[in-house]
$ cat input-v1.txt   # compact mmCIF, C-alpha atoms and all ligand atoms
# COMPACT_ATOMS: atom_id res chain seq x y z
CA MET A 1 58.06 19.52 181.05
CA ILE A 2 57.28 15.92 181.82
CA TYR A 3 55.44 15.16 185.03
CA LEU A 4 56.45 11.90 186.71
CA ASP A 5 55.70 12.67 190.35
CA CYS A 6 52.17 11.30 190.74
CA GLN A 7 52.72 10.31 194.38
CA ALA A 8 53.36 13.94 195.33
CA THR A 9 50.24 15.15 193.57
CA THR A 10 48.28 14.54 190.38
CA PRO A 11 47.05 16.86 187.62
CA LEU A 12 43.48 18.07 188.02
CA ALA A 13 41.06 16.05 185.86
CA PRO A 14 39.21 18.30 183.36
CA GLU A 15 35.94 16.87 184.72
CA ALA A 16 36.89 17.90 188.26
CA ARG A 17 37.81 21.41 187.10
CA GLU A 18 34.50 21.75 185.28
CA ALA A 19 32.57 20.63 188.36
CA MET A 20 34.39 23.22 190.47
CA LEU A 21 33.73 26.20 188.21
CA ARG A 22 29.98 26.12 188.88
CA TRP A 23 30.70 26.82 192.57
CA LEU A 24 33.20 29.57 191.91
CA ASP A 25 31.22 31.71 189.44
CA GLY A 26 27.82 31.06 188.22
CA PRO A 27 25.29 30.72 186.81
CA GLU A 28 24.80 34.48 187.07
CA GLY A 29 27.06 34.70 190.05
CA THR A 30 25.01 32.35 192.21
CA GLY A 31 27.77 29.83 192.86
CA PHE A 32 29.20 31.31 196.02
CA GLY A 33 26.43 30.40 198.44
CA ASN A 34 27.28 29.16 201.92
CA PRO A 35 26.29 25.47 201.94
CA HIS A 36 25.14 25.85 205.54
CA SER A 37 22.65 28.65 204.73
CA PRO A 38 19.00 27.62 204.61
CA HIS A 39 18.12 29.80 201.59
CA ARG A 40 18.05 28.64 197.97
CA MET A 41 21.65 29.38 197.07
CA GLY A 42 22.80 27.68 200.24
CA ARG A 43 20.64 24.64 199.61
CA GLN A 44 21.98 24.33 196.06
CA ALA A 45 25.55 24.34 197.34
CA ALA A 46 24.62 21.82 200.06
CA ALA A 47 23.09 19.55 197.42
CA ALA A 48 26.36 19.64 195.45
CA ILE A 49 28.20 18.61 198.60
CA ASP A 50 25.74 15.78 199.25
CA ALA A 51 26.26 14.50 195.70
CA ALA A 52 30.04 14.63 196.08
CA ARG A 53 29.79 12.81 199.41
CA GLU A 54 27.96 9.99 197.63
CA TYR A 55 30.67 9.70 194.98
CA VAL A 56 33.41 9.55 197.60
CA ALA A 57 31.42 7.09 199.75
CA ALA A 58 30.93 4.84 196.71
CA LEU A 59 34.67 4.10 196.79
CA CYS A 60 34.59 3.34 200.55
CA PRO A 61 33.33 0.20 202.27
CA PRO A 62 29.60 0.14 203.11
CA GLY A 63 28.36 1.15 206.57
CA GLY A 64 30.13 4.41 207.29
CA THR A 65 30.12 8.19 206.93
CA VAL A 66 32.35 10.52 204.91
CA ILE A 67 33.51 13.57 206.88
CA PHE A 68 35.09 16.22 204.64
CA THR A 69 38.32 17.80 205.89
CA GLY A 70 40.94 20.17 204.49
CA SER A 71 43.46 17.38 203.73
CA ALA A 72 44.31 13.79 204.49
CA THR A 73 46.70 15.10 207.12
CA GLU A 74 43.74 16.67 208.91
CA ALA A 75 41.68 13.48 208.46
CA ILE A 76 44.51 11.45 210.02
CA ASN A 77 44.75 13.88 212.93
CA LEU A 78 40.99 13.70 213.49
CA ALA A 79 41.13 9.89 213.50
CA MET A 80 44.18 9.59 215.74
CA ARG A 81 43.39 12.38 218.19
CA GLY A 82 39.62 11.89 218.17
CA ALA A 83 39.35 8.10 218.42
CA PRO A 84 38.36 6.60 221.74
CA GLY A 85 41.08 4.89 223.81
CA GLU A 86 44.26 6.05 225.46
CA GLY A 87 46.50 3.05 224.76
CA SER A 88 49.40 2.55 222.37
CA ILE A 89 49.08 3.45 218.73
CA SER A 90 50.80 0.82 216.59
CA VAL A 91 52.06 2.38 213.36
CA SER A 92 53.98 0.76 210.54
CA ALA A 93 57.51 2.10 210.20
CA ILE A 94 56.70 3.30 206.67
CA GLU A 95 53.61 5.40 207.45
CA HIS A 96 53.41 8.97 206.16
CA ALA A 97 54.68 11.65 208.55
CA ALA A 98 51.07 12.65 209.25
CA VAL A 99 50.63 9.31 211.06
CA LEU A 100 54.13 8.87 212.51
CA ASP A 101 54.44 12.38 213.88
CA THR A 102 50.93 12.38 215.32
CA ALA A 103 51.53 9.10 217.17
CA GLU A 104 54.79 10.59 218.49
CA ALA A 105 53.12 13.87 219.44
CA LEU A 106 50.51 11.94 221.42
CA GLY A 107 53.33 10.07 223.20
CA ARG A 108 51.72 6.73 222.31
CA ALA A 109 53.76 5.49 219.34
CA HIS A 110 54.63 1.82 218.95
CA VAL A 111 56.40 1.10 215.66
CA LEU A 112 55.66 -2.05 213.62
CA ASN A 113 58.49 -3.58 211.62
CA VAL A 114 58.58 -3.61 207.85
CA ALA A 115 60.51 -6.26 205.93
CA ALA A 116 63.01 -5.69 203.12
CA ASP A 117 60.26 -6.13 200.51
CA GLY A 118 58.29 -3.27 202.09
CA GLN A 119 55.69 -5.50 203.77
CA CYS A 120 54.41 -4.91 207.28
CA ASN A 121 53.67 -8.46 208.38
CA PRO A 122 50.56 -8.91 210.55
CA SER A 123 52.12 -11.88 212.37
CA GLN A 124 54.06 -9.47 214.61
CA ASP A 125 52.82 -8.77 218.14
CA LEU A 126 50.78 -5.75 219.15
CA PRO A 127 51.30 -4.27 222.63
CA ASP A 128 48.76 -5.42 225.27
CA ASN A 129 47.42 -1.88 225.68
CA VAL A 130 47.02 -1.11 221.97
CA SER A 131 43.99 1.02 221.14
CA LEU A 132 44.69 2.02 217.53
CA VAL A 133 46.54 0.36 214.64
CA CYS A 134 47.64 2.38 211.59
CA VAL A 135 48.91 0.52 208.53
CA MET A 136 48.53 2.25 205.18
CA GLN A 137 47.24 0.56 201.99
CA VAL A 138 49.81 1.80 199.45
CA ASN A 139 53.05 3.40 200.53
CA ASN A 140 53.74 6.80 199.01
CA GLU A 141 57.50 6.32 198.58
CA ILE A 142 57.85 2.75 197.36
CA GLY A 143 54.28 1.83 196.39
CA THR A 144 54.15 -1.40 198.40
CA VAL A 145 50.65 -2.67 199.20
CA GLN A 146 49.90 -3.90 202.71
CA PRO A 147 47.59 -6.76 203.79
CA THR A 148 45.02 -4.34 205.17
CA LEU A 149 42.28 -6.92 205.64
CA ASP A 150 44.58 -8.97 207.89
CA TRP A 151 45.59 -5.86 209.82
CA HIS A 152 41.95 -4.94 210.37
CA ARG A 153 41.24 -8.47 211.70
CA LYS A 154 44.30 -8.30 213.93
CA ALA A 155 43.32 -4.92 215.36
CA LYS A 156 39.78 -6.14 215.99
CA ALA A 157 41.08 -9.23 217.82
CA ALA A 158 43.13 -6.90 220.05
CA ASN A 159 40.07 -4.67 220.71
CA ALA A 160 41.77 -1.86 218.87
CA LEU A 161 40.51 0.36 216.04
CA TYR A 162 42.14 0.26 212.63
CA LEU A 163 42.94 3.44 210.69
CA CYS A 164 43.99 2.91 207.09
CA ASP A 165 45.69 5.73 205.17
CA VAL A 166 44.42 4.99 201.66
CA VAL A 167 45.67 8.26 200.15
CA GLN A 168 47.79 6.57 197.47
CA ALA A 169 45.26 3.80 196.77
CA PHE A 170 41.93 5.62 196.67
CA GLY A 171 40.33 5.53 193.23
CA LYS A 172 43.06 3.18 191.98
CA GLN A 173 42.41 0.00 193.94
CA GLU A 174 39.50 -1.36 195.93
CA VAL A 175 39.66 -0.17 199.52
CA ALA A 176 39.52 -3.10 201.94
CA SER A 177 37.87 -2.99 205.32
CA ALA A 178 38.94 -0.61 208.09
CA ASP A 179 37.37 1.36 210.93
CA MET A 180 38.58 4.70 209.59
CA ILE A 181 39.98 5.66 206.20
CA ALA A 182 41.95 8.80 205.34
CA ILE A 183 41.67 10.19 201.80
CA SER A 184 43.11 13.15 199.87
CA ALA A 185 41.48 14.58 196.72
CA HIS A 186 44.67 15.80 195.07
CA LYS A 187 46.09 12.30 194.72
CA LEU A 188 43.20 11.20 192.49
CA HIS A 189 43.12 14.14 190.08
CA GLY A 190 41.00 16.28 192.36
CA PRO A 191 41.91 19.68 193.85
CA LYS A 192 44.32 20.36 196.71
CA GLY A 193 42.95 21.55 200.03
CA VAL A 194 40.27 18.93 200.52
CA GLY A 195 40.30 15.43 201.98
CA ALA A 196 38.03 13.14 203.93
CA LEU A 197 37.85 10.76 206.82
CA TRP A 198 35.51 7.80 206.37
CA VAL A 199 34.31 6.52 209.75
CA ARG A 200 32.60 3.19 210.30
CA ASP A 201 29.10 3.50 211.82
CA GLY A 202 29.11 3.20 215.60
CA ILE A 203 32.58 4.71 216.18
CA GLU A 204 32.35 7.82 218.35
CA LEU A 205 35.03 10.36 217.55
CA ALA A 206 35.76 13.55 219.46
CA PRO A 207 36.26 16.64 217.26
CA ILE A 208 39.64 18.33 217.06
CA ILE A 209 38.13 21.49 215.55
CA THR A 210 35.13 22.95 217.34
CA GLY A 211 32.82 25.76 216.32
CA GLY A 212 29.74 25.77 214.11
CA GLY A 213 29.23 22.01 214.36
CA GLN A 214 29.47 21.22 210.63
CA GLU A 215 30.17 17.66 209.47
CA GLN A 216 28.14 16.10 212.29
CA GLY A 217 30.01 18.18 214.84
CA LEU A 218 33.29 16.50 213.89
CA ARG A 219 34.78 19.23 211.74
CA SER A 220 33.50 22.72 212.29
CA GLY A 221 34.11 25.29 209.57
CA THR A 222 32.33 26.27 206.36
CA LEU A 223 32.79 23.64 203.68
CA SER A 224 34.06 24.63 200.23
CA PRO A 225 31.48 23.58 197.61
CA ALA A 226 33.99 24.09 194.77
CA LEU A 227 36.71 21.93 196.31
CA ILE A 228 34.26 19.26 197.36
CA ALA A 229 32.48 19.21 193.99
CA GLY A 230 35.91 18.75 192.36
CA PHE A 231 36.70 15.95 194.79
CA GLY A 232 33.36 14.26 194.04
CA ALA A 233 33.83 14.53 190.28
CA ALA A 234 37.36 13.09 190.60
CA ALA A 235 36.04 10.17 192.70
CA LYS A 236 33.23 9.49 190.22
CA LEU A 237 35.67 9.50 187.33
CA ALA A 238 38.13 7.27 189.18
CA ALA A 239 35.38 4.74 189.88
CA GLU A 240 34.38 4.70 186.21
CA ARG A 241 37.96 4.43 184.97
CA MET A 242 39.54 2.24 187.62
CA GLU A 243 40.15 -0.74 185.33
CA ASP A 244 41.27 1.33 182.34
CA ASP A 245 43.58 3.44 184.49
CA ALA A 246 45.12 0.32 186.04
CA ALA A 247 45.69 -1.21 182.61
CA HIS A 248 47.35 2.01 181.40
CA VAL A 249 49.60 2.12 184.47
CA GLU A 250 50.50 -1.54 183.97
CA ALA A 251 51.60 -0.86 180.38
CA LEU A 252 53.73 2.07 181.58
CA TRP A 253 55.24 -0.07 184.36
CA ASN A 254 56.23 -2.83 181.93
CA ARG A 255 57.87 -0.31 179.62
CA ALA A 256 59.60 1.40 182.56
CA LEU A 257 61.14 -1.91 183.61
CA GLU A 258 62.71 -2.18 180.15
CA LEU A 259 63.84 1.44 180.09
CA PHE A 260 65.46 1.28 183.54
CA ASP A 261 67.05 -2.11 183.03
CA GLY A 262 70.00 -2.56 185.40
CA TRP A 263 68.59 -0.41 188.22
CA THR A 264 67.48 -2.07 191.47
CA ILE A 265 63.84 -1.73 192.48
CA ASN A 266 63.26 -0.73 196.11
CA GLY A 267 60.51 -2.88 197.68
CA SER A 268 58.38 -5.68 196.30
CA THR A 269 57.63 -5.64 192.59
CA THR A 270 54.45 -7.69 192.99
CA ALA A 271 52.70 -6.45 196.16
CA ARG A 272 52.97 -2.96 194.77
CA TRP A 273 50.99 -0.23 193.00
CA HIS A 274 52.70 -0.21 189.62
CA GLY A 275 52.40 3.55 189.18
CA ASN A 276 55.34 3.81 191.59
CA LEU A 277 58.84 2.96 190.40
CA ASN A 278 61.32 3.59 193.20
CA ILE A 279 64.75 2.54 191.94
CA ARG A 280 68.38 2.98 192.80
CA ARG A 281 71.73 2.81 191.10
CA GLU A 282 74.83 2.33 193.22
CA GLY A 283 76.88 5.52 193.63
CA LEU A 284 74.35 7.77 191.87
CA ASP A 285 74.44 11.43 192.90
CA VAL A 286 70.70 12.12 192.88
CA ALA A 287 70.99 15.85 193.53
CA ARG A 288 73.22 16.19 190.44
CA LEU A 289 70.89 13.96 188.43
CA MET A 290 67.91 16.12 189.30
CA SER A 291 69.69 19.33 188.41
CA GLU A 292 70.67 17.84 185.04
CA CYS A 293 67.10 16.71 184.29
CA ARG A 294 65.25 19.88 185.11
CA THR A 295 62.48 19.28 182.59
CA VAL A 296 61.51 15.99 184.20
CA MET A 297 59.48 16.23 187.41
CA PHE A 298 60.45 13.26 189.55
CA SER A 299 61.46 12.82 193.14
CA ALA A 300 64.45 11.90 195.24
CA GLY A 301 62.21 10.37 197.89
CA SER A 302 58.85 11.43 199.27
CA ALA A 303 57.95 15.04 198.49
CA CYS A 304 58.01 15.76 202.22
CA ALA A 305 61.42 14.22 202.86
CA SER A 306 63.17 15.41 199.71
CA GLY A 307 65.04 18.62 200.21
CA SER A 308 65.55 17.83 203.89
CA GLY A 309 68.86 16.09 203.14
CA ARG A 310 67.81 13.24 205.45
CA PRO A 311 67.60 9.75 203.96
CA SER A 312 64.02 8.58 203.66
CA HIS A 313 62.61 6.81 206.76
CA VAL A 314 60.86 4.37 204.41
CA LEU A 315 64.04 3.29 202.60
CA ARG A 316 65.78 2.99 205.97
CA ALA A 317 62.93 0.88 207.35
CA ILE A 318 63.34 -1.63 204.53
CA GLY A 319 67.02 -1.96 205.40
CA LEU A 320 68.74 0.25 202.84
CA ARG A 321 72.06 1.80 203.86
CA ASP A 322 72.13 5.61 203.76
CA ALA A 323 74.22 5.57 200.57
CA GLN A 324 71.68 3.27 198.88
CA ALA A 325 68.76 5.43 200.00
CA LYS A 326 70.55 8.53 198.73
CA SER A 327 71.07 6.92 195.31
CA SER A 328 67.32 6.23 194.89
CA ILE A 329 64.78 8.06 192.78
CA ARG A 330 60.99 7.82 192.63
CA ILE A 331 59.18 7.94 189.30
CA GLY A 332 55.41 8.14 189.56
CA PHE A 333 53.06 7.81 186.61
CA GLY A 334 49.32 7.67 186.17
CA ARG A 335 46.25 8.26 184.05
CA TYR A 336 47.57 11.23 182.07
CA THR A 337 51.15 10.00 181.58
CA THR A 338 51.81 9.05 177.97
CA MET A 339 54.22 6.37 176.79
CA ASP A 340 56.11 9.11 174.90
CA ASP A 341 56.51 11.09 178.13
CA LEU A 342 57.88 8.08 179.93
CA GLU A 343 60.30 7.21 177.15
CA ALA A 344 61.60 10.77 176.78
CA ALA A 345 62.02 11.12 180.55
CA ALA A 346 63.78 7.77 180.85
CA GLN A 347 66.17 8.74 178.08
CA ALA A 348 67.02 12.01 179.86
CA ILE A 349 67.48 10.29 183.23
CA MET A 350 69.53 7.43 181.80
CA SER A 351 71.89 9.66 179.86
CA ALA A 352 72.40 11.97 182.89
CA ALA A 353 73.00 8.92 185.11
CA ASP A 354 75.39 7.34 182.59
CA SER A 355 77.39 10.56 182.38
CA GLN A 356 78.16 10.14 186.12
CA GLY A 357 80.09 6.98 185.20
N1 LIG B 1 49.31 9.97 203.43
C1 LIG B 1 49.98 9.67 202.33
C2 LIG B 1 50.32 8.24 202.04
C3 LIG B 1 50.38 10.66 201.44
O1 LIG B 1 51.06 10.35 200.34
C4 LIG B 1 50.05 12.01 201.75
C5 LIG B 1 50.52 13.11 200.88
O2 LIG B 1 51.65 13.13 200.43
C6 LIG B 1 49.32 12.28 202.90
C7 LIG B 1 48.97 11.23 203.73
C8 LIG B 1 48.91 13.68 203.26
O3 LIG B 1 47.91 14.12 202.36
P1 LIG B 1 47.49 15.66 202.27
O4 LIG B 1 48.41 16.28 201.28
O5 LIG B 1 46.07 15.67 201.79
O6 LIG B 1 47.62 16.22 203.65

$ encode --input "input-v1.txt" --output "structure tokens" --more "lines below"
Ligand code: PLP
Amino acid sequence: MIYLDCQATTPLAPEAREAMLRWLDGPEGTGFGNPHSPHRMGRQAAAAIDAAREYVAALCPPGGTVIFTGSATEAINLAMRGAPGEGSISVSAIEHAAVLDTAEALGRAHVLNVAADGQCNPSQDLPDNVSLVCVMQVNNEIGTVQPTLDWHRKAKAANALYLCDVVQAFGKQEVASADMIAISAHKLHGPKGVGALWVRDGIELAPIITGGGQEQGLRSGTLSPALIAGFGAAAKLAAERMEDDAAHVEALWNRALELFDGWTINGSTTARWHGNLNIRREGLDVARLMSECRTVMFSAGSACASGSGRPSHVLRAIGLRDAQAKSSIRIGFGRYTTMDDLEAAAQAIMSAADSQG
């Protein structure tokens, strides 16, 4: 099997796995302590969490706090539901469902336009009553990178807070400034089931989960030392390897452009994370293609939207007709993808696509 779906999730780094094992088993069965207990085992687990928090914070801007959550979806909900202000929430049309659906659920959604190249231009107007702006750094479906610094400035000028979903960028690119940042461990070779919200100092959030008062009262519930240690190890590794990983992804991207010659790329090719190749071929039956390439793990859209039968909201937002959106595939590669994997997968996809005529 060849894995080319790195936007949906990423393989666990061996270093992250190793860091987790200590908090599952030993030594001598002492790894299971509750990190909120004051005794020795508890303090050891708490120290592992503190260390992981430092590694995650090192990839965030200075002057803020990392609050661990169960996922980026939870982090986004904490930011959007817990932030002060009752005004409109301006969201780019290509945000992840965690952002779009939460803004809708709160009855405060205002949608920002996205151009054909996948850019959400900060020259567009914000509503007078805006209290929160959400524009992601790297889009999960088409990989386009947004001018987050400009969006933060724009939000500030409108007296609004700026939440940046950096899930697809964290550990791969520098994170620019924001008031709140949502992160997910499993997109940077960490484990699933753990994420974080980074909150700039001075911003007062209200909790959405109450109880034991963990995470500065913002996220009650016992933390998982194993998941968090894995997250920390993944963040540390990503920081150390950021340049090497980017160079590897760039080499794969350049080869992918040759291999998929003749396909049309959805979204900008330059303002883009090059580990995301979202391409289309007129008239392609993607469902048939996927069933004929069962040993290649790739996507027909975002992992959340695929299978729903609905054309992707992202491809629609950049102006694709339904037929074009439905003839698009997403190939996602990263640190552990080899050139041989990419070439073998491309050959399988190309020959299945060619057989459709
Ligand atoms: N935001 C983006 C851009 C994503 O790609 C994802 C996951 O697909 C999420 C948020 C949600 O992350 P999690 O799986 O941690 O809830």

$ residues_near_ligand --input "input-v1.txt" --ligand "ligand LIG 1 (chain B)" --cutoff "8 Å" --atoms "only C-alpha atoms and all ligand atoms" --output "ChimeraX atom specification"
/A:7-9,70-74,76,95-99,136,138-141,165-168,182-187,192-195,302-304

$ closest_residue --input "input-v1.txt" --among "A:Pro147, A:Gly107, A:Pro311, A:Gly202" --to "A:Ala323" --atoms "only C-alpha atoms"
A:Pro311

$ residues_around --input "input-v1.txt" --residues "A:Gln119" --least-positions-apart "2" --cutoff "10 Å" --atoms "only C-alpha atoms" --output "list in words"
Ser92, Ile94, Asn113, Val114, Ala115, Ala116, Asp117, Asn121, Pro122, Asn139, Thr144, Val145, Gln146, Pro147, Gly267, Ser268, Ala271, Arg272 and Ile318 of chain A

$ write_last_selection --input "input-v1.txt" --atoms "C-alpha atoms" --output "PDB file, keeping the file's coordinate frame"
ATOM      1  CA  SER A  92      53.980   0.760 210.540  1.00  0.00           C
ATOM      2  CA  ILE A  94      56.700   3.300 206.670  1.00  0.00           C
ATOM      3  CA  ASN A 113      58.490  -3.580 211.620  1.00  0.00           C
ATOM      4  CA  VAL A 114      58.580  -3.610 207.850  1.00  0.00           C
ATOM      5  CA  ALA A 115      60.510  -6.260 205.930  1.00  0.00           C
ATOM      6  CA  ALA A 116      63.010  -5.690 203.120  1.00  0.00           C
ATOM      7  CA  ASP A 117      60.260  -6.130 200.510  1.00  0.00           C
ATOM      8  CA  ASN A 121      53.670  -8.460 208.380  1.00  0.00           C
ATOM      9  CA  PRO A 122      50.560  -8.910 210.550  1.00  0.00           C
ATOM     10  CA  ASN A 139      53.050   3.400 200.530  1.00  0.00           C
ATOM     11  CA  THR A 144      54.150  -1.400 198.400  1.00  0.00           C
ATOM     12  CA  VAL A 145      50.650  -2.670 199.200  1.00  0.00           C
ATOM     13  CA  GLN A 146      49.900  -3.900 202.710  1.00  0.00           C
ATOM     14  CA  PRO A 147      47.590  -6.760 203.790  1.00  0.00           C
ATOM     15  CA  GLY A 267      60.510  -2.880 197.680  1.00  0.00           C
ATOM     16  CA  SER A 268      58.380  -5.680 196.300  1.00  0.00           C
ATOM     17  CA  ALA A 271      52.700  -6.450 196.160  1.00  0.00           C
ATOM     18  CA  ARG A 272      52.970  -2.960 194.770  1.00  0.00           C
ATOM     19  CA  ILE A 318      63.340  -1.630 204.530  1.00  0.00           C
TER      20      ILE A 318
END

$ atom_distance --input "input-v1.txt" --atom1 "atom CA of A:Ala239" --atom2 "atom CA of A:Leu223"
23.5 Å

$ residues_around --input "input-v1.txt" --residues "A:Ala16" --least-positions-apart "5" --cutoff "12 Å" --atoms "only C-alpha atoms" --output "ChimeraX atom specification"
/A:11,21-23,52,185-186,188-192,226-238

$ atom_distance --input "input-v1.txt" --atom1 "atom CA of A:Ala247" --atom2 "atom CA of A:Ile331"
17.6 Å

$ closest_residue --input "input-v1.txt" --among "A:Gln124, A:Asn266, A:Ser131, A:Ser299" --to "A:Cys6" --atoms "all atoms listed in the file"
A:Ser299

$ residues_around --input "input-v1.txt" --residues "A:Arg288" --least-positions-apart "5" --cutoff "12 Å" --atoms "only C-alpha atoms" --output "list in words"
Gly283, Cys293, Arg294, Ala300, Lys326, Ser327, Ile329, Ile349, Ala352, Ala353, Ser355 and Gln356 of chain A

$ atom_distance --input "input-v1.txt" --atom1 "atom CA of A:Gly64" --atom2 "atom CA of A:Val199"
5.3 Å

$ residues_around --input "input-v1.txt" --residues "A:Ala47" --least-positions-apart "4" --cutoff "12 Å" --atoms "all atoms listed in the file" --output "list in words"
Trp23, Gly33, Asn34, Pro35, His36, Ser37, Pro38, Arg40, Met41, Gly42, Arg43, Ala51, Ala52, Arg53, Glu54, Pro225, Ile228 and Ala229 of chain A

$ residues_around --input "input-v1.txt" --residues "A:Met339" --least-positions-apart "5" --cutoff "9 Å" --atoms "all atoms listed in the file" --output "list in words"
Ala251, Leu252, Arg255 and Ala344 of chain A

$ closest_residue --input "input-v1.txt" --among "A:Met20, A:Ala103, A:Ala79, A:Leu132" --to "A:Ile181" --atoms "only C-alpha atoms"
A:Ala79

$ closest_residue --input "input-v1.txt" --among "A:Pro127, A:Pro14, A:Gly171, A:Gly319" --to "A:Ile89" --atoms "all atoms listed in the file"
A:Pro127

$ build_atoms --input "input-v1.txt" --residues "stretch 45-52 of chain A" --atoms "all heavy atoms" --output "PDB file, in the coordinates of the input"
ATOM      1  N   ALA A  45      24.154  24.701 197.042  1.00  0.00           N
ATOM      2  CA  ALA A  45      25.550  24.340 197.340  1.00  0.00           C
ATOM      3  C   ALA A  45      25.584  23.086 198.215  1.00  0.00           C
ATOM      4  O   ALA A  45      26.426  22.204 198.015  1.00  0.00           O
ATOM      5  CB  ALA A  45      26.245  25.511 198.039  1.00  0.00           C
ATOM      6  N   ALA A  46      24.658  23.001 199.173  1.00  0.00           N
ATOM      7  CA  ALA A  46      24.620  21.820 200.060  1.00  0.00           C
ATOM      8  C   ALA A  46      24.304  20.567 199.251  1.00  0.00           C
ATOM      9  O   ALA A  46      24.851  19.488 199.524  1.00  0.00           O
ATOM     10  CB  ALA A  46      23.574  22.030 201.158  1.00  0.00           C
ATOM     11  N   ALA A  47      23.436  20.721 198.244  1.00  0.00           N
ATOM     12  CA  ALA A  47      23.090  19.550 197.420  1.00  0.00           C
ATOM     13  C   ALA A  47      24.311  19.071 196.632  1.00  0.00           C
ATOM     14  O   ALA A  47      24.521  17.864 196.452  1.00  0.00           O
ATOM     15  CB  ALA A  47      21.941  19.914 196.465  1.00  0.00           C
ATOM     16  N   ALA A  48      25.129  20.026 196.180  1.00  0.00           N
ATOM     17  CA  ALA A  48      26.360  19.640 195.450  1.00  0.00           C
ATOM     18  C   ALA A  48      27.294  18.873 196.383  1.00  0.00           C
ATOM     19  O   ALA A  48      27.950  17.901 195.981  1.00  0.00           O
ATOM     20  CB  ALA A  48      27.042  20.889 194.893  1.00  0.00           C
ATOM     21  N   ILE A  49      27.352  19.304 197.618  1.00  0.00           N
ATOM     22  CA  ILE A  49      28.200  18.610 198.600  1.00  0.00           C
ATOM     23  C   ILE A  49      27.659  17.207 198.883  1.00  0.00           C
ATOM     24  O   ILE A  49      28.425  16.233 198.958  1.00  0.00           O
ATOM     25  CB  ILE A  49      28.335  19.465 199.884  1.00  0.00           C
ATOM     26  CG1 ILE A  49      29.237  20.659 199.571  1.00  0.00           C
ATOM     27  CG2 ILE A  49      28.868  18.639 201.062  1.00  0.00           C
ATOM     28  CD1 ILE A  49      29.330  21.691 200.648  1.00  0.00           C
ATOM     29  N   ASP A  50      26.336  17.108 199.006  1.00  0.00           N
ATOM     30  CA  ASP A  50      25.740  15.780 199.250  1.00  0.00           C
ATOM     31  C   ASP A  50      26.066  14.831 198.095  1.00  0.00           C
ATOM     32  O   ASP A  50      26.385  13.665 198.309  1.00  0.00           O
ATOM     33  CB  ASP A  50      24.210  15.881 199.366  1.00  0.00           C
ATOM     34  CG  ASP A  50      23.791  16.542 200.675  1.00  0.00           C
ATOM     35  OD1 ASP A  50      24.654  16.657 201.573  1.00  0.00           O
ATOM     36  OD2 ASP A  50      22.618  16.955 200.782  1.00  0.00           O
ATOM     37  N   ALA A  51      25.973  15.344 196.873  1.00  0.00           N
ATOM     38  CA  ALA A  51      26.260  14.500 195.700  1.00  0.00           C
ATOM     39  C   ALA A  51      27.713  14.043 195.721  1.00  0.00           C
ATOM     40  O   ALA A  51      28.025  12.869 195.493  1.00  0.00           O
ATOM     41  CB  ALA A  51      25.938  15.259 194.413  1.00  0.00           C
ATOM     42  N   ALA A  52      28.605  14.984 196.034  1.00  0.00           N
ATOM     43  CA  ALA A  52      30.040  14.630 196.080  1.00  0.00           C
ATOM     44  C   ALA A  52      30.292  13.601 197.176  1.00  0.00           C
ATOM     45  O   ALA A  52      31.082  12.669 197.005  1.00  0.00           O
ATOM     46  CB  ALA A  52      30.867  15.892 196.333  1.00  0.00           C
TER      47      ALA A  52
END
